[in-house]
Structures are given as C-alpha cells and as structure tokens.
Amino acid sequence: MNDVIEQAVLRVVESMHDNLGDQITIDDMARTAMFSKFHFSRVFQRVTGLSPGRFLSAVRLREAKRLLTSTSLTVTDISHRVGYSSVGTFSSRFTSSVGVSPSKYRQLETVMPQLLTDDRRVLAGTATMTVRGDISSPLKDRPIFAGLFPDRILEGRPIRYTILRQPGPYVLEDVPEGQWHLIAQSAAAGSEDAVNHPPGGDEALCIGRHGPITVQPGTGTELADVQLKPMRTLDPPVLLALRDLLAVTVTRRTA
C-alpha cells in the first residue's frame, strides 16, 4: 500500500476520533485526505475494507461503548457526544451493530447467551460447508474468538463462531450458503477492555481476517488459516459485545 495514501487515510481516521460530536461529511473527509471525493471513497475502502461512512459509524459506536461502561452519562447525552442528533437512530444502530441496546450493554456482566446462539436449521437444498484451519497469535496462551460475518467488521451476530482456549486448530461446521468473512480476535491478560478503545499498535488487542469465503452448491471444506496481528488504527473497530467474553478462560466450543 502506498505510504502517502495510507497516511492520508490515517489523517481522516484520526480526525474522526477528534471530532465525533460534529456532523462529518464525505466532503470534509476528502478535504482532510486532500483527495477528490470520489477518489477518496475508493482509496479509503481499499485501505480499511469499509466505506468512510461505515467506518465513521463504527468509530462512533465504539466510543459510545466506552462511555456507557466508564461514565454515568445518559444514553441521550452519549448519543449527542458521538454525533447522533436522534437518540432513536443511535439506539437502533447501536443495537444492530453491538447486538444489545445501549442500556442493556451498560448493565451486562456477561455476554447475552442468545447473541451468540445461532439457529442450526438449514433449508432443504441449501449448500453448507465446513471451514477449518489454524489460528496463530502473538498472544500464545490467550483465548481466541473466531466468527463468520457478512462484512469485514466484527459486529452483530456471527453466522457461526468458535472460542478457543489458545491458538491452534478450529472447525466451523454447517456454514450456510453465502459469502462470509472469518474474523478472529484475542486480547492480552488485563487488556480485555481494549476492545472498547482505539488500538495502540501493541499486542493488547490482536485481530486477523480471512475472506471472503463463498459457500455454494458443490463446495466441501474450506481451509482458512488466520494469523492474528496487533490491531492498527486503520483496522475497522470491534463492535460485537465481547468485552468480557475474552476475560475468562473458556473451554473450546462451537456454536
């Protein structure tokens, strides 16, 4: 990736963090990057994997997660602080991306079981596939969450997932027809809440991706190895409500 382009996108991402309460437009972001609006949108998606608007929304919701767990601000106040003029719109987008409402997220002591419980029923004639491989990580003895999502961002409900006690082999069975992105994540001991904060480039939070993986009639087993690396500022924020999922030693299980 051209360093000039990456630095331009980094300026925009840093500007997002600094101005979350403002109404940031695509024109504002393009000016910060010093590109034309149309060229900027293509470049930003190539660097981060998300459109500028989708990335900005994720940054806003990640900050909302932090404020919900570290302050006594009302949901309304938080929605305004992260750039939403309508608390209803904020609550709807938060619930869709994180998996639970803002007020429920504030109350959570454990991840909602129903959030990570998928329905194994598959329609007759629908293709399914097994995805397997090996996940390696700089965090040698830390649990790893790995799930299949429709986009390159860890948000909402995974179509299939697994939790490993430590790096090693994994298997995801009965993956339904469609196109999926495998995303894996691990956090260092004592840094589990790093999922709520912008990454610092160290190994406190590591993430890896593989995909897209296409499941269609005639497919069998997909081999997908994943190498976790320290999360960078240019990586899409983590939005799924996993703040305590990686805080405990868990037994290996699959959804």
# chains A, B, ... in the order shown; residues from 1 in each chain; ligands from 1
>>> residues_around(residues="region 44-61 of chain A", least_positions_apart="4", cutoff="7 Å", atoms="only C-alpha atoms", output="VMD selection string")
chain A and resid 6 9 16 20 40 65 82 94 152 234 to 237
>>> write_last_selection(atoms="all heavy atoms", output="short mmCIF file (atom, residue, chain, number, x, y, z; two decimals), in the first residue's frame")
data_model
loop_
_atom_site.label_atom_id
_atom_site.label_comp_id
_atom_site.auth_asym_id
_atom_site.auth_seq_id
_atom_site.Cartn_x
_atom_site.Cartn_y
_atom_site.Cartn_z
N GLU A 6 -1.89 5.69 2.56
CA GLU A 6 -2.19 5.21 3.91
C GLU A 6 -2.14 6.34 4.92
O GLU A 6 -2.98 6.41 5.83
CB GLU A 6 -1.22 4.10 4.30
CG GLU A 6 -1.64 3.35 5.55
CD GLU A 6 -0.92 2.04 5.70
OE1 GLU A 6 -1.12 1.13 4.87
OE2 GLU A 6 -0.14 1.93 6.67
N VAL A 9 -5.36 8.38 4.63
CA VAL A 9 -6.50 7.72 5.29
C VAL A 9 -6.34 7.79 6.80
O VAL A 9 -7.33 8.00 7.53
CB VAL A 9 -6.60 6.26 4.80
CG1 VAL A 9 -7.68 5.51 5.60
CG2 VAL A 9 -6.93 6.21 3.31
N MET A 16 -11.68 11.66 12.62
CA MET A 16 -12.94 11.08 13.11
C MET A 16 -12.93 11.01 14.63
O MET A 16 -13.89 11.40 15.31
CB MET A 16 -13.15 9.68 12.53
CG MET A 16 -13.45 9.62 11.05
SD MET A 16 -13.62 7.88 10.53
CE MET A 16 -13.85 8.07 8.77
N LEU A 20 -15.87 13.51 16.88
CA LEU A 20 -17.01 12.60 16.83
C LEU A 20 -18.35 13.30 17.00
O LEU A 20 -19.36 12.85 16.48
CB LEU A 20 -16.87 11.52 17.91
CG LEU A 20 -15.92 10.36 17.59
CD1 LEU A 20 -15.94 9.35 18.71
CD2 LEU A 20 -16.33 9.70 16.28
N PHE A 40 -11.26 9.60 -3.04
CA PHE A 40 -11.08 9.34 -1.61
C PHE A 40 -11.90 8.13 -1.17
O PHE A 40 -11.39 7.26 -0.44
CB PHE A 40 -11.48 10.56 -0.78
CG PHE A 40 -11.69 10.24 0.67
CD1 PHE A 40 -10.60 9.94 1.49
CD2 PHE A 40 -12.96 10.21 1.22
CE1 PHE A 40 -10.79 9.62 2.82
CE2 PHE A 40 -13.16 9.92 2.55
CZ PHE A 40 -12.07 9.61 3.35
N LYS A 65 -19.70 2.75 23.35
CA LYS A 65 -19.48 1.62 24.24
C LYS A 65 -18.60 2.02 25.42
O LYS A 65 -18.88 1.67 26.57
CB LYS A 65 -18.82 0.46 23.48
CG LYS A 65 -19.73 -0.27 22.51
CD LYS A 65 -18.96 -1.26 21.65
CE LYS A 65 -18.26 -2.32 22.48
NZ LYS A 65 -17.48 -3.24 21.63
N VAL A 82 -21.45 11.46 20.50
CA VAL A 82 -20.83 10.69 19.41
C VAL A 82 -21.45 11.02 18.06
O VAL A 82 -21.28 10.28 17.08
CB VAL A 82 -20.89 9.17 19.69
CG1 VAL A 82 -20.10 8.83 20.94
CG2 VAL A 82 -22.32 8.67 19.77
N PHE A 94 -26.87 1.18 17.37
CA PHE A 94 -26.07 0.52 18.41
C PHE A 94 -26.53 -0.92 18.58
O PHE A 94 -25.72 -1.85 18.60
CB PHE A 94 -26.21 1.28 19.73
CG PHE A 94 -25.29 0.80 20.80
CD1 PHE A 94 -24.09 1.47 21.05
CD2 PHE A 94 -25.60 -0.31 21.59
CE1 PHE A 94 -23.23 1.02 22.06
CE2 PHE A 94 -24.75 -0.76 22.57
CZ PHE A 94 -23.56 -0.09 22.81
N ARG A 152 -16.46 -7.18 6.62
CA ARG A 152 -15.12 -7.20 7.20
C ARG A 152 -15.06 -6.51 8.56
O ARG A 152 -14.00 -6.08 9.00
CB ARG A 152 -14.12 -6.54 6.26
CG ARG A 152 -13.80 -7.32 5.02
CD ARG A 152 -12.63 -6.71 4.24
NE ARG A 152 -11.35 -6.93 4.89
CZ ARG A 152 -10.67 -6.02 5.55
NH1 ARG A 152 -11.16 -4.79 5.72
NH2 ARG A 152 -9.51 -6.30 6.09
N LEU A 234 -6.06 1.77 11.57
CA LEU A 234 -6.77 1.66 10.29
C LEU A 234 -7.66 0.41 10.21
O LEU A 234 -8.39 0.24 9.24
CB LEU A 234 -5.77 1.64 9.14
CG LEU A 234 -5.01 2.95 8.91
CD1 LEU A 234 -3.95 2.78 7.84
CD2 LEU A 234 -5.96 4.08 8.54
N ASP A 235 -7.60 -0.46 11.21
CA ASP A 235 -8.49 -1.61 11.23
C ASP A 235 -9.88 -1.18 11.67
O ASP A 235 -10.02 -0.35 12.58
CB ASP A 235 -7.97 -2.68 12.20
CG ASP A 235 -6.78 -3.43 11.64
OD1 ASP A 235 -6.83 -3.79 10.45
OD2 ASP A 235 -5.81 -3.65 12.38
N PRO A 236 -10.94 -1.73 11.06
CA PRO A 236 -12.30 -1.39 11.49
C PRO A 236 -12.49 -1.69 12.97
O PRO A 236 -12.02 -2.71 13.47
CB PRO A 236 -13.18 -2.30 10.62
CG PRO A 236 -12.35 -2.58 9.40
CD PRO A 236 -10.94 -2.65 9.90
N PRO A 237 -13.17 -0.81 13.71
CA PRO A 237 -13.39 -1.03 15.14
C PRO A 237 -14.16 -2.33 15.40
O PRO A 237 -14.95 -2.79 14.58
CB PRO A 237 -14.22 0.19 15.56
CG PRO A 237 -13.89 1.24 14.56
CD PRO A 237 -13.69 0.49 13.26
#
>>> closest_residue(among="A:Lys104, A:Ile163, A:Leu205, A:Ser97", to="Thr69 (chain A)", atoms="only C-alpha atoms")
A:Lys104
>>> residues_around(residues="Ile153 (chain A)", least_positions_apart="2", cutoff="7 Å", atoms="only C-alpha atoms", output="list in words")
Asp151, Glu155, Pro236 and Val238 of chain A
>>> select_by_dssp(residues="region 15-255 of chain A", states="alpha helix (DSSP H)", output="MDAnalysis selection string")
chainID A and resid 15:18 26:33 37:48 52:70 75:81 87:98 102:107
>>> select_by_dssp(residues="region 21-250 of chain A", states="strand (DSSP E)", output="ChimeraX atom specification")
/A:128-136,144-149,160-164,168-176,178-187,205-215,221-223,226-227,229-230
>>> write_last_selection(atoms="C-alpha atoms", output="PDB file, in the first residue's frame")
ATOM      1  CA  THR A 128     -23.376 -25.921   3.589  1.00  0.00           C
ATOM      2  CA  MET A 129     -19.654 -26.190   4.137  1.00  0.00           C
ATOM      3  CA  THR A 130     -17.118 -26.830   6.866  1.00  0.00           C
ATOM      4  CA  VAL A 131     -14.478 -24.165   7.445  1.00  0.00           C
ATOM      5  CA  ARG A 132     -11.376 -25.315   9.271  1.00  0.00           C
ATOM      6  CA  GLY A 133      -7.804 -24.238   9.748  1.00  0.00           C
ATOM      7  CA  ASP A 134      -5.277 -22.996  12.251  1.00  0.00           C
ATOM      8  CA  ILE A 135      -5.220 -19.702  14.135  1.00  0.00           C
ATOM      9  CA  SER A 136      -1.842 -18.376  15.251  1.00  0.00           C
ATOM     10  CA  ILE A 144      -9.446 -16.549  20.808  1.00  0.00           C
ATOM     11  CA  PHE A 145     -12.878 -15.741  19.419  1.00  0.00           C
ATOM     12  CA  ALA A 146     -13.402 -16.545  15.734  1.00  0.00           C
ATOM     13  CA  GLY A 147     -16.624 -15.982  13.834  1.00  0.00           C
ATOM     14  CA  LEU A 148     -18.047 -15.704  10.343  1.00  0.00           C
ATOM     15  CA  PHE A 149     -19.636 -12.347   9.473  1.00  0.00           C
ATOM     16  CA  ARG A 160     -21.060 -19.383  13.058  1.00  0.00           C
ATOM     17  CA  TYR A 161     -18.406 -18.955  15.735  1.00  0.00           C
ATOM     18  CA  THR A 162     -15.978 -20.765  17.972  1.00  0.00           C
ATOM     19  CA  ILE A 163     -13.970 -19.911  21.084  1.00  0.00           C
ATOM     20  CA  LEU A 164     -10.524 -21.441  21.501  1.00  0.00           C
ATOM     21  CA  GLY A 168      -4.491 -23.714  17.443  1.00  0.00           C
ATOM     22  CA  PRO A 169      -6.850 -25.583  15.120  1.00  0.00           C
ATOM     23  CA  TYR A 170     -10.516 -24.657  14.784  1.00  0.00           C
ATOM     24  CA  VAL A 171     -13.571 -26.035  12.982  1.00  0.00           C
ATOM     25  CA  LEU A 172     -16.798 -24.274  11.950  1.00  0.00           C
ATOM     26  CA  GLU A 173     -19.418 -26.732  10.700  1.00  0.00           C
ATOM     27  CA  ASP A 174     -22.673 -26.320   8.758  1.00  0.00           C
ATOM     28  CA  VAL A 175     -21.719 -22.906   7.375  1.00  0.00           C
ATOM     29  CA  PRO A 176     -24.734 -21.879   5.243  1.00  0.00           C
ATOM     30  CA  GLY A 178     -23.483 -17.138   1.189  1.00  0.00           C
ATOM     31  CA  GLN A 179     -20.311 -15.073   1.330  1.00  0.00           C
ATOM     32  CA  TRP A 180     -18.637 -14.722   4.725  1.00  0.00           C
ATOM     33  CA  HIS A 181     -15.607 -13.089   6.316  1.00  0.00           C
ATOM     34  CA  LEU A 182     -13.740 -15.000   9.006  1.00  0.00           C
ATOM     35  CA  ILE A 183     -12.625 -12.642  11.790  1.00  0.00           C
ATOM     36  CA  ALA A 184     -10.604 -13.757  14.820  1.00  0.00           C
ATOM     37  CA  GLN A 185      -9.691 -11.718  17.889  1.00  0.00           C
ATOM     38  CA  SER A 186      -7.718 -12.087  21.111  1.00  0.00           C
ATOM     39  CA  ALA A 187      -6.842  -9.755  23.984  1.00  0.00           C
ATOM     40  CA  LEU A 205      -5.608  -6.471  21.099  1.00  0.00           C
ATOM     41  CA  CYS A 206      -4.857  -8.733  18.149  1.00  0.00           C
ATOM     42  CA  ILE A 207      -7.094  -9.409  15.167  1.00  0.00           C
ATOM     43  CA  GLY A 208      -6.966 -11.404  11.940  1.00  0.00           C
ATOM     44  CA  ARG A 209      -9.186 -11.883   8.889  1.00  0.00           C
ATOM     45  CA  HIS A 210      -9.704 -14.311   6.031  1.00  0.00           C
ATOM     46  CA  GLY A 211     -12.129 -13.981   3.194  1.00  0.00           C
ATOM     47  CA  PRO A 212     -14.450 -13.614   1.650  1.00  0.00           C
ATOM     48  CA  ILE A 213     -15.324 -17.311   1.849  1.00  0.00           C
ATOM     49  CA  THR A 214     -18.012 -18.305  -0.655  1.00  0.00           C
ATOM     50  CA  VAL A 215     -20.346 -21.201   0.162  1.00  0.00           C
ATOM     51  CA  THR A 221     -14.340 -27.987   3.133  1.00  0.00           C
ATOM     52  CA  GLU A 222     -12.612 -24.606   3.065  1.00  0.00           C
ATOM     53  CA  LEU A 223      -9.146 -24.369   4.601  1.00  0.00           C
ATOM     54  CA  VAL A 226      -5.569 -16.954  10.210  1.00  0.00           C
ATOM     55  CA  GLN A 227      -2.594 -15.043  11.614  1.00  0.00           C
ATOM     56  CA  LYS A 229      -1.618  -9.309  14.397  1.00  0.00           C
ATOM     57  CA  PRO A 230      -1.720  -6.241  16.658  1.00  0.00           C
TER      58      PRO A 230
END
>>> atom_distance(atom1="CA of Tyr105 (chain A)", atom2="CA of Leu68 (chain A)")
7.6 Å
